[in-house]
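Novice: Below you'll find final-v3.txt; it's compact mmCIF, C-alpha atoms.
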# COMPACT_ATOMS: atom_id res chain seq x y z
CA MET A 1 4.56 -67.92 -28.48
CA ARG A 2 3.19 -68.92 -31.87
CA PHE A 3 -0.34 -68.74 -30.51
CA ALA A 4 0.09 -65.51 -28.62
CA ILE A 5 -1.54 -63.32 -31.24
CA PRO A 6 -4.56 -65.56 -31.97
CA ILE A 7 -5.19 -65.92 -28.24
CA VAL A 8 -5.02 -62.18 -27.68
CA VAL A 9 -7.38 -61.59 -30.62
CA PHE A 10 -9.74 -64.27 -29.33
CA LEU A 11 -9.84 -62.81 -25.82
CA LEU A 12 -10.41 -59.36 -27.24
CA LEU A 13 -13.38 -60.67 -29.22
CA VAL A 14 -14.75 -62.42 -26.13
CA VAL A 15 -14.63 -59.14 -24.24
CA ILE A 16 -16.32 -57.23 -27.06
CA PHE A 17 -19.02 -59.86 -27.60
CA SER A 18 -19.82 -60.27 -23.92
CA PHE A 19 -20.15 -56.51 -23.69
CA GLY A 20 -22.63 -56.67 -26.55
CA LEU A 21 -24.42 -59.66 -25.08
CA PHE A 22 -25.10 -58.10 -21.70
CA ASN A 23 -26.01 -54.73 -23.08
CA ASP A 24 -29.65 -54.08 -23.79
CA PRO A 25 -29.75 -52.60 -27.31
CA ARG A 26 -33.03 -50.91 -26.46
CA GLU A 27 -31.34 -48.84 -23.82
CA LEU A 28 -30.02 -45.84 -25.69
CA PRO A 29 -27.99 -43.08 -24.10
CA SER A 30 -30.15 -40.00 -23.88
CA PRO A 31 -28.66 -37.03 -25.68
CA PHE A 32 -30.15 -34.87 -22.92
CA LEU A 33 -27.88 -36.15 -20.15
CA GLY A 34 -26.12 -33.13 -18.70
CA GLU A 35 -28.08 -30.89 -21.04
CA PRO A 36 -31.05 -28.61 -20.38
CA ALA A 37 -34.30 -30.57 -20.23
CA PRO A 38 -36.79 -29.77 -22.98
CA SER A 39 -39.49 -27.35 -21.95
CA PHE A 40 -43.15 -28.01 -22.57
CA GLU A 41 -46.54 -26.48 -22.10
CA VAL A 42 -49.59 -28.63 -22.51
CA GLU A 43 -53.04 -29.22 -21.11
CA SER A 44 -53.36 -30.98 -17.78
CA LEU A 45 -54.78 -34.48 -17.79
CA THR A 46 -56.78 -34.09 -14.62
CA GLU A 47 -57.84 -30.47 -15.05
CA PRO A 48 -58.82 -29.95 -18.70
CA GLY A 49 -58.19 -26.35 -19.71
CA ARG A 50 -55.36 -25.77 -17.27
CA ILE A 51 -51.94 -25.49 -18.90
CA VAL A 52 -49.12 -27.25 -17.11
CA GLY A 53 -45.48 -27.57 -18.03
CA SER A 54 -41.83 -27.35 -17.23
CA ALA A 55 -42.24 -23.85 -15.77
CA ASP A 56 -44.13 -25.44 -12.86
CA TYR A 57 -41.05 -27.17 -11.55
CA ALA A 58 -38.43 -24.56 -12.41
CA GLY A 59 -36.00 -24.18 -9.51
CA LYS A 60 -36.94 -27.52 -7.96
CA MET A 61 -35.53 -30.98 -8.24
CA ALA A 62 -38.12 -32.81 -10.32
CA LEU A 63 -38.78 -36.36 -11.40
CA VAL A 64 -40.45 -36.40 -14.79
CA ASN A 65 -42.16 -39.69 -15.46
CA VAL A 66 -43.56 -40.66 -18.87
CA TRP A 67 -46.46 -43.03 -18.48
CA ALA A 68 -49.52 -44.43 -20.25
CA THR A 69 -52.29 -46.84 -19.43
CA TRP A 70 -51.31 -49.11 -22.34
CA CYS A 71 -47.84 -49.52 -20.88
CA GLY A 72 -47.27 -52.64 -18.80
CA GLY A 73 -44.09 -51.40 -17.18
CA CYS A 74 -45.98 -48.33 -15.96
CA ARG A 75 -48.41 -50.47 -14.02
CA GLN A 76 -45.47 -52.35 -12.60
CA GLU A 77 -43.73 -49.22 -11.30
CA HIS A 78 -46.86 -47.43 -10.15
CA PRO A 79 -46.86 -48.74 -6.55
CA PHE A 80 -43.28 -47.59 -6.20
CA LEU A 81 -44.14 -44.12 -7.50
CA MET A 82 -46.95 -43.93 -4.95
CA GLN A 83 -44.53 -44.87 -2.22
CA LEU A 84 -42.00 -42.34 -3.49
CA ALA A 85 -44.60 -39.57 -3.57
CA ARG A 86 -45.35 -40.19 0.11
CA THR A 87 -41.71 -39.80 1.11
CA ASN A 88 -41.54 -36.31 -0.45
CA ALA A 89 -37.97 -37.05 -1.54
CA VAL A 90 -38.73 -35.38 -4.83
CA GLN A 91 -41.80 -34.11 -6.58
CA ILE A 92 -43.07 -36.25 -9.43
CA TYR A 93 -44.45 -34.79 -12.62
CA GLY A 94 -46.18 -37.01 -15.13
CA ILE A 95 -46.28 -36.87 -18.88
CA ASN A 96 -49.25 -38.94 -19.95
CA TRP A 97 -48.02 -40.07 -23.34
CA ARG A 98 -50.29 -40.94 -26.25
CA ASP A 99 -53.10 -42.03 -24.02
CA ASN A 100 -56.85 -41.85 -23.70
CA ARG A 101 -58.07 -39.34 -21.14
CA ASP A 102 -60.90 -41.46 -19.71
CA GLU A 103 -58.70 -44.49 -19.28
CA ALA A 104 -55.88 -42.41 -17.80
CA LEU A 105 -58.23 -40.79 -15.28
CA ARG A 106 -59.64 -44.17 -14.32
CA TRP A 107 -56.08 -45.44 -13.80
CA LEU A 108 -55.24 -42.57 -11.43
CA LYS A 109 -58.48 -43.08 -9.55
CA GLN A 110 -57.96 -46.80 -9.11
CA LEU A 111 -54.20 -46.92 -8.49
CA GLY A 112 -53.65 -43.50 -6.93
CA ASP A 113 -52.10 -40.33 -8.30
CA PRO A 114 -48.45 -39.77 -7.35
CA TYR A 115 -48.08 -36.80 -9.72
CA GLU A 116 -48.09 -33.07 -9.01
CA PHE A 117 -49.64 -32.93 -12.46
CA SER A 118 -49.88 -35.09 -15.51
CA ALA A 119 -49.38 -33.34 -18.82
CA TYR A 120 -51.84 -34.69 -21.35
CA ASP A 121 -49.58 -35.35 -24.33
CA VAL A 122 -52.25 -36.87 -26.50
CA ASP A 123 -50.47 -36.43 -29.83
CA GLY A 124 -47.03 -37.43 -28.56
CA ARG A 125 -45.38 -34.11 -29.33
CA VAL A 126 -43.93 -33.60 -25.85
CA GLY A 127 -42.74 -37.20 -25.95
CA ILE A 128 -40.80 -36.51 -29.15
CA ASP A 129 -39.24 -33.39 -27.65
CA TRP A 130 -38.01 -35.51 -24.75
CA GLY A 131 -36.74 -38.23 -27.07
CA VAL A 132 -39.17 -40.74 -25.56
CA TYR A 133 -39.38 -44.06 -27.40
CA GLY A 134 -40.63 -46.52 -24.80
CA ALA A 135 -42.67 -45.83 -21.69
CA PRO A 136 -42.04 -45.86 -18.82
CA GLU A 137 -39.17 -43.41 -18.98
CA THR A 138 -38.10 -41.37 -15.98
CA PHE A 139 -35.94 -38.25 -16.02
CA LEU A 140 -34.35 -36.56 -13.05
CA VAL A 141 -34.19 -32.81 -13.65
CA SER A 142 -32.08 -30.55 -11.46
CA PRO A 143 -33.34 -27.22 -10.03
CA GLU A 144 -31.32 -25.55 -12.82
CA GLY A 145 -33.27 -27.56 -15.38
CA ILE A 146 -30.49 -29.96 -16.34
CA VAL A 147 -31.24 -33.64 -17.00
CA LEU A 148 -29.21 -35.48 -14.37
CA HIS A 149 -30.35 -39.00 -15.15
CA LYS A 150 -32.69 -40.98 -17.34
CA HIS A 151 -34.06 -44.40 -16.58
CA LEU A 152 -35.74 -46.60 -19.16
CA GLY A 153 -38.19 -49.19 -17.89
CA PRO A 154 -40.01 -49.63 -14.59
CA LEU A 155 -38.55 -47.83 -11.62
CA THR A 156 -37.83 -49.92 -8.54
CA ALA A 157 -36.64 -49.15 -5.04
CA ALA A 158 -33.24 -50.66 -5.81
CA ILE A 159 -32.75 -48.61 -8.97
CA TRP A 160 -33.95 -45.53 -7.14
CA GLN A 161 -31.50 -46.03 -4.33
CA GLU A 162 -28.59 -46.71 -6.61
CA ASP A 163 -29.05 -44.28 -9.49
CA PHE A 164 -31.22 -41.45 -8.24
CA VAL A 165 -30.60 -40.91 -4.54
CA PRO A 166 -26.87 -40.03 -4.88
CA LEU A 167 -27.70 -37.47 -7.58
CA ILE A 168 -30.45 -35.90 -5.51
CA GLU A 169 -28.23 -35.70 -2.47
CA ALA A 170 -25.43 -34.16 -4.50
CA GLY A 171 -27.88 -31.65 -5.95
CA GLY A 172 -28.75 -30.26 -2.56
CA PRO A 173 -31.96 -30.48 -0.59
CA SER A 174 -35.04 -30.63 -2.76
CA SER A 175 -37.95 -28.49 -1.82
CA MET B 10 -57.80 -75.66 -66.56
CA ARG B 11 -58.43 -76.76 -63.02
CA LYS B 12 -54.99 -75.58 -62.03
CA LEU B 13 -55.80 -72.22 -63.44
CA ALA B 14 -59.03 -72.08 -61.44
CA VAL B 15 -57.19 -72.97 -58.23
CA PHE B 16 -54.65 -70.31 -58.97
CA ALA B 17 -57.37 -67.76 -59.64
CA VAL B 18 -59.06 -68.55 -56.32
CA LEU B 19 -55.80 -68.32 -54.38
CA PHE B 20 -54.97 -65.09 -56.12
CA ALA B 21 -58.32 -63.62 -55.20
CA LEU B 22 -57.92 -64.69 -51.55
CA GLY B 23 -54.51 -63.12 -51.15
CA SER B 24 -54.73 -59.83 -49.32
CA PRO B 25 -53.10 -56.92 -51.04
CA ALA B 26 -50.00 -55.50 -49.39
CA MET B 27 -50.95 -52.33 -47.61
CA ALA B 28 -48.75 -49.28 -47.45
CA ILE B 29 -47.85 -48.35 -43.89
CA ASP B 30 -47.79 -44.66 -44.57
CA THR B 31 -51.32 -43.78 -45.55
CA ASP B 32 -51.01 -40.03 -45.27
CA LYS B 33 -51.74 -37.88 -48.28
CA ALA B 34 -48.77 -37.25 -50.55
CA PHE B 35 -47.30 -33.78 -50.86
CA ASP B 36 -48.56 -31.79 -53.84
CA ASP B 37 -44.99 -30.93 -54.73
CA PRO B 38 -43.31 -34.09 -56.10
CA GLU B 39 -39.89 -32.82 -55.07
CA LEU B 40 -41.04 -32.45 -51.47
CA GLN B 41 -42.60 -35.90 -51.59
CA ALA B 42 -39.33 -37.38 -52.87
CA ARG B 43 -37.40 -35.74 -50.03
CA TYR B 44 -39.98 -36.96 -47.53
CA GLU B 45 -39.71 -40.53 -48.79
CA HIS B 46 -35.95 -40.39 -48.70
CA ILE B 47 -35.84 -39.06 -45.12
CA ILE B 48 -38.27 -41.59 -43.68
CA GLU B 49 -36.11 -44.37 -45.11
CA GLU B 50 -33.07 -42.94 -43.36
CA VAL B 51 -34.64 -42.71 -39.92
CA ARG B 52 -34.76 -45.64 -37.57
CA CYS B 53 -37.91 -46.44 -35.67
CA LEU B 54 -36.68 -46.37 -32.06
CA LYS B 55 -39.50 -48.59 -30.95
CA CYS B 56 -38.77 -51.38 -33.42
CA GLN B 57 -35.12 -50.85 -34.04
CA ASN B 58 -34.60 -52.78 -37.22
CA GLN B 59 -37.21 -50.93 -39.20
CA SER B 60 -37.13 -47.50 -40.70
CA ILE B 61 -40.02 -45.23 -39.85
CA LYS B 62 -41.18 -45.80 -43.41
CA ASP B 63 -41.67 -49.51 -42.72
CA SER B 64 -42.96 -49.35 -39.19
CA ASN B 65 -46.53 -48.99 -38.10
CA ALA B 66 -45.63 -48.30 -34.46
CA PHE B 67 -47.36 -45.12 -33.37
CA LEU B 68 -44.02 -43.51 -32.62
CA ALA B 69 -43.00 -43.99 -36.26
CA GLY B 70 -46.29 -42.40 -37.30
CA ASP B 71 -45.66 -39.46 -34.96
CA LEU B 72 -42.17 -38.98 -36.35
CA ARG B 73 -43.46 -39.10 -39.94
CA ARG B 74 -45.98 -36.45 -38.97
CA GLU B 75 -43.26 -34.23 -37.49
CA ILE B 76 -41.06 -34.69 -40.58
CA ARG B 77 -44.01 -33.78 -42.81
CA ARG B 78 -44.65 -30.68 -40.74
CA MET B 79 -41.03 -29.59 -40.91
CA LEU B 80 -40.85 -30.18 -44.66
CA SER B 81 -43.93 -28.10 -45.28
CA GLU B 82 -42.44 -25.40 -43.05
CA GLY B 83 -39.52 -25.31 -45.48
CA LYS B 84 -36.90 -26.91 -43.22
CA THR B 85 -33.85 -28.41 -44.92
CA ASP B 86 -33.03 -32.13 -44.69
CA GLU B 87 -30.10 -31.24 -42.48
CA GLU B 88 -32.33 -29.35 -40.04
CA ILE B 89 -34.69 -32.31 -39.88
CA TYR B 90 -31.85 -34.73 -39.14
CA ASP B 91 -30.56 -32.31 -36.50
CA PHE B 92 -34.00 -32.25 -34.89
CA LEU B 93 -34.04 -36.04 -34.63
CA VAL B 94 -30.45 -36.43 -33.46
CA ALA B 95 -30.94 -33.78 -30.77
CA ARG B 96 -33.76 -35.88 -29.31
CA TYR B 97 -32.85 -39.47 -30.02
CA GLY B 98 -29.10 -39.41 -30.68
CA GLU B 99 -27.17 -40.50 -33.75
CA PHE B 100 -28.72 -43.92 -33.38
CA ALA B 101 -31.90 -42.56 -34.93
CA LEU B 102 -30.14 -42.27 -38.27
CA TYR B 103 -29.31 -45.38 -40.24
CA ARG B 104 -26.29 -43.54 -41.52
CA PRO B 105 -24.93 -41.73 -38.47
CA ARG B 106 -23.01 -38.64 -39.34
CA MET B 107 -19.27 -38.40 -38.89
CA SER B 108 -18.48 -36.87 -35.52
CA GLY B 109 -16.27 -37.47 -32.51
CA LYS B 110 -18.76 -39.95 -31.09
CA THR B 111 -19.33 -41.90 -34.29
CA LEU B 112 -15.77 -41.76 -35.60
CA VAL B 113 -15.06 -45.33 -34.49
CA LEU B 114 -18.05 -46.58 -36.51
CA TRP B 115 -16.68 -45.05 -39.66
CA VAL B 116 -13.00 -45.75 -39.16
CA ALA B 117 -13.10 -49.25 -37.63
CA PRO B 118 -14.03 -51.09 -40.86
CA ILE B 119 -11.17 -49.43 -42.73
CA LEU B 120 -8.72 -50.27 -39.94
CA LEU B 121 -9.94 -53.87 -39.78
CA LEU B 122 -9.59 -54.20 -43.55
CA LEU B 123 -6.06 -52.84 -43.41
CA ALA B 124 -5.18 -55.20 -40.55
CA GLY B 125 -6.60 -58.15 -42.47
CA GLY B 126 -4.68 -57.18 -45.59
CA PHE B 127 -1.49 -56.86 -43.58
CA VAL B 128 -1.93 -60.35 -42.10
CA LEU B 129 -2.73 -61.80 -45.52
CA VAL B 130 0.32 -60.24 -47.17
CA ASN B 131 2.52 -61.52 -44.36
CA ILE B 132 1.24 -65.09 -44.69
CA LEU B 133 1.64 -65.06 -48.45
CA ARG B 134 5.17 -63.68 -48.18
CA ARG B 135 6.13 -66.43 -45.75
CA ARG B 136 4.66 -69.09 -48.01
CA MET B 137 6.51 -67.75 -51.02
CA ALA B 138 9.76 -67.87 -49.09
CA MET B 139 9.19 -71.55 -48.24
CA PRO B 140 11.09 -74.09 -50.39
CA ILE B 141 8.84 -75.88 -52.87
CA ASP B 142 8.19 -79.49 -51.95
CA ARG B 143 9.60 -81.22 -55.06
CA ASP B 144 8.41 -84.70 -54.10
CA ALA B 145 4.84 -83.60 -53.73
CA ALA B 146 5.02 -81.77 -57.04
CA ALA B 147 6.43 -84.86 -58.76
CA GLU B 148 3.63 -87.09 -57.51
CA GLU B 149 1.00 -85.17 -59.45
The structure in this file should be written as C-alpha cells.
Specialist:
Amino acid sequence: MRFAIPIVVFLLLVVIFSFGLFNDPRELPSPFLGEPAPSFEVESLTEPGRIVGSADYAGKMALVNVWATWCGGCRQEHPFLMQLARTNAVQIYGINWRDNRDEALRWLKQLGDPYEFSAYDVDGRVGIDWGVYGAPETFLVSPEGIVLHKHLGPLTAAIWQEDFVPLIEAGGPSS
Amino acid sequence: MRKLAVFAVLFALGSPAMAIDTDKAFDDPELQARYEHIIEEVRCLKCQNQSIKDSNAFLAGDLRREIRRMLSEGKTDEEIYDFLVARYGEFALYRPRMSGKTLVLWVAPILLLLAGGFVLVNILRRRMAMPIDRDAAAEE
C-alpha cells in the first residue's frame, strides 16, 4: 500500500514516455485536416506558360503529391505512384516543390509521369500555403475541396490501403 | 613572441562566422527590429530545434522571405503569426499561444509544481510530527 502511489506515478510516466518514444516528432498534425485545401494557381512544369491549379480538380477526389528531384523519399514512392495512376483509383496532381525544371522533366521522362499535371512551385510559395515542410507529402482532397488526409513520407501500398482507401470509398466514387 | 606568432596565424586561419540571413536589412529600423524578433520566434519545421533565424534550410529562407513581404505590406505581428499557424500549426511558434489545444502546455507546469509542493509539504509535516531521536542527537 505504501508503494501504491510511486508505482502508479511510475507507470504513468512509462506510458507517457513510450508514447513519446514511438512518436515521430517530425510528423506534425496538419492544420488543414477537415478544412478546405489551399487553392493555388501556378505555371505547369511540363507545359511552360499553361497555368494549372486547384480549380482543375474541383469536384473530383484528388491526390495532391508534393515532390522534388532532390527528395529521396520521392524516388522511393514513385513506382507506387505510377502503379496507382494505372488503377485510376484517384487522379494524382503533383506539386513540384523548389525544384529545377530540367531535372524535374528528366525525372518524369526516366521514371514515368503519374501526374495529371505538376505545378511548378519553383519559389516554394505553394508549398508554404499547404504547410509543406518535408517532401514527399501527400494530401487527399475530397470533391468538396476538403483535406481528408495527409501523409508525410513515401507512400506505399500498405499505407494506401490502410489510410486512403477507406476515405476514398466513404467519399463516394471518384471520377 | 613565438606564441604570439602562432596565435596570430591561428587567428588569421579561423573563418569568420557568417550570418545565415544575408538579405538586405529594412530601411526602417523599427521594421527591422520586428523582423528580427519574429524570425527568432518561429521554428524551422525542417530542422526543428532551430529558429528560422538560425537555420539555413531553404524552407527557413522561404519563410523569412514571406515574413519580410508581409512586414513590408504593413501586416501586424499577430497577422504574421496567424499566417504561420494556419499553415504549420502552433508548433511553428516557439511560444505557442494559449488556446484550447495548447492549454495543457501552459497549465501542466503549474499543476506539476503545485503537486510537487503538496507532496513536499506533506513529507515535511510528517517529519516534524516524528519524535526527535534523542540518542542520535546526544552522540554529536
Novice: Which of these, B:Leu19, B:Leu68, B:Leu112, B:Ile47, has the shortest distance to chain A once you count all atoms listed in the file?
Specialist: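 Among B:Leu19, B:Leu68, B:Leu112, B:Ile47, it is B:Leu68 that comes nearest to chain A.
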Novice: Calculated over only C-alpha atoms, which of the candidates B:Val128, B:Leu13, B:Asp30, B:Ser81 has the smallest distance to Ser60 (chain B)?
Specialist: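 Of the candidates, the smallest distance to Ser60 (chain B) is held by B:Asp30.
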Novice: Show which residues sit within 12 Å of Tyr44 (chain B), as a ChimeraX atom specification. Count only C-alpha atoms, and ignore same-chain residues fewer than 3 positions away.
Specialist: /B:30,32-41,47-51,61-62,72-81,83-86,89-90
Novice: Mind listing as a list in words which residues of chain A are within 6 Å of chain B, counting all atoms listed in the file?
Specialist: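 Written out as asked, the residues are Pro31, Gly131 and Tyr133 of chain A.
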Novice: Could you tell me how far CA of Val122 (chain A) lies from CA of Asp163 (chain A), in Å and to one decimal?
Specialist: 29.7 Å
Novice: Could you state the separation of CA of Gly70 (chain B) and CA of Val132 (chain A) in Å, given to one decimal place?
Specialist: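 One can read the CA of Gly70 (chain B) to CA of Val132 (chain A) distance as 13.8 Å.
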Novice: Interatomic distance between CA of Gly134 (chain A) and CA of Val15 (chain A)?
Specialist: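 About the pair CA of Gly134 (chain A) and CA of Val15 (chain A): they are 28.9 Å apart.
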Novice: Could you give me the axis-aligned bounding box of region 135-138 of chain A, with 8 Å of padding per side, as centre plus edge lengths in Å to one decimal, as JSON?
Specialist:
{"center_x": -40.4, "center_y": -43.6, "center_z": -18.8, "size_x": 20.6, "size_y": 20.5, "size_z": 21.7}
Novice: Could you name the residues that touch Phe117 (chain A) at 7 Å or less, counting only C-alpha atoms, but leaving out those on the same chain fewer than 3 positions away, as a ChimeraX atom specification?
Specialist: /A:44,93-94
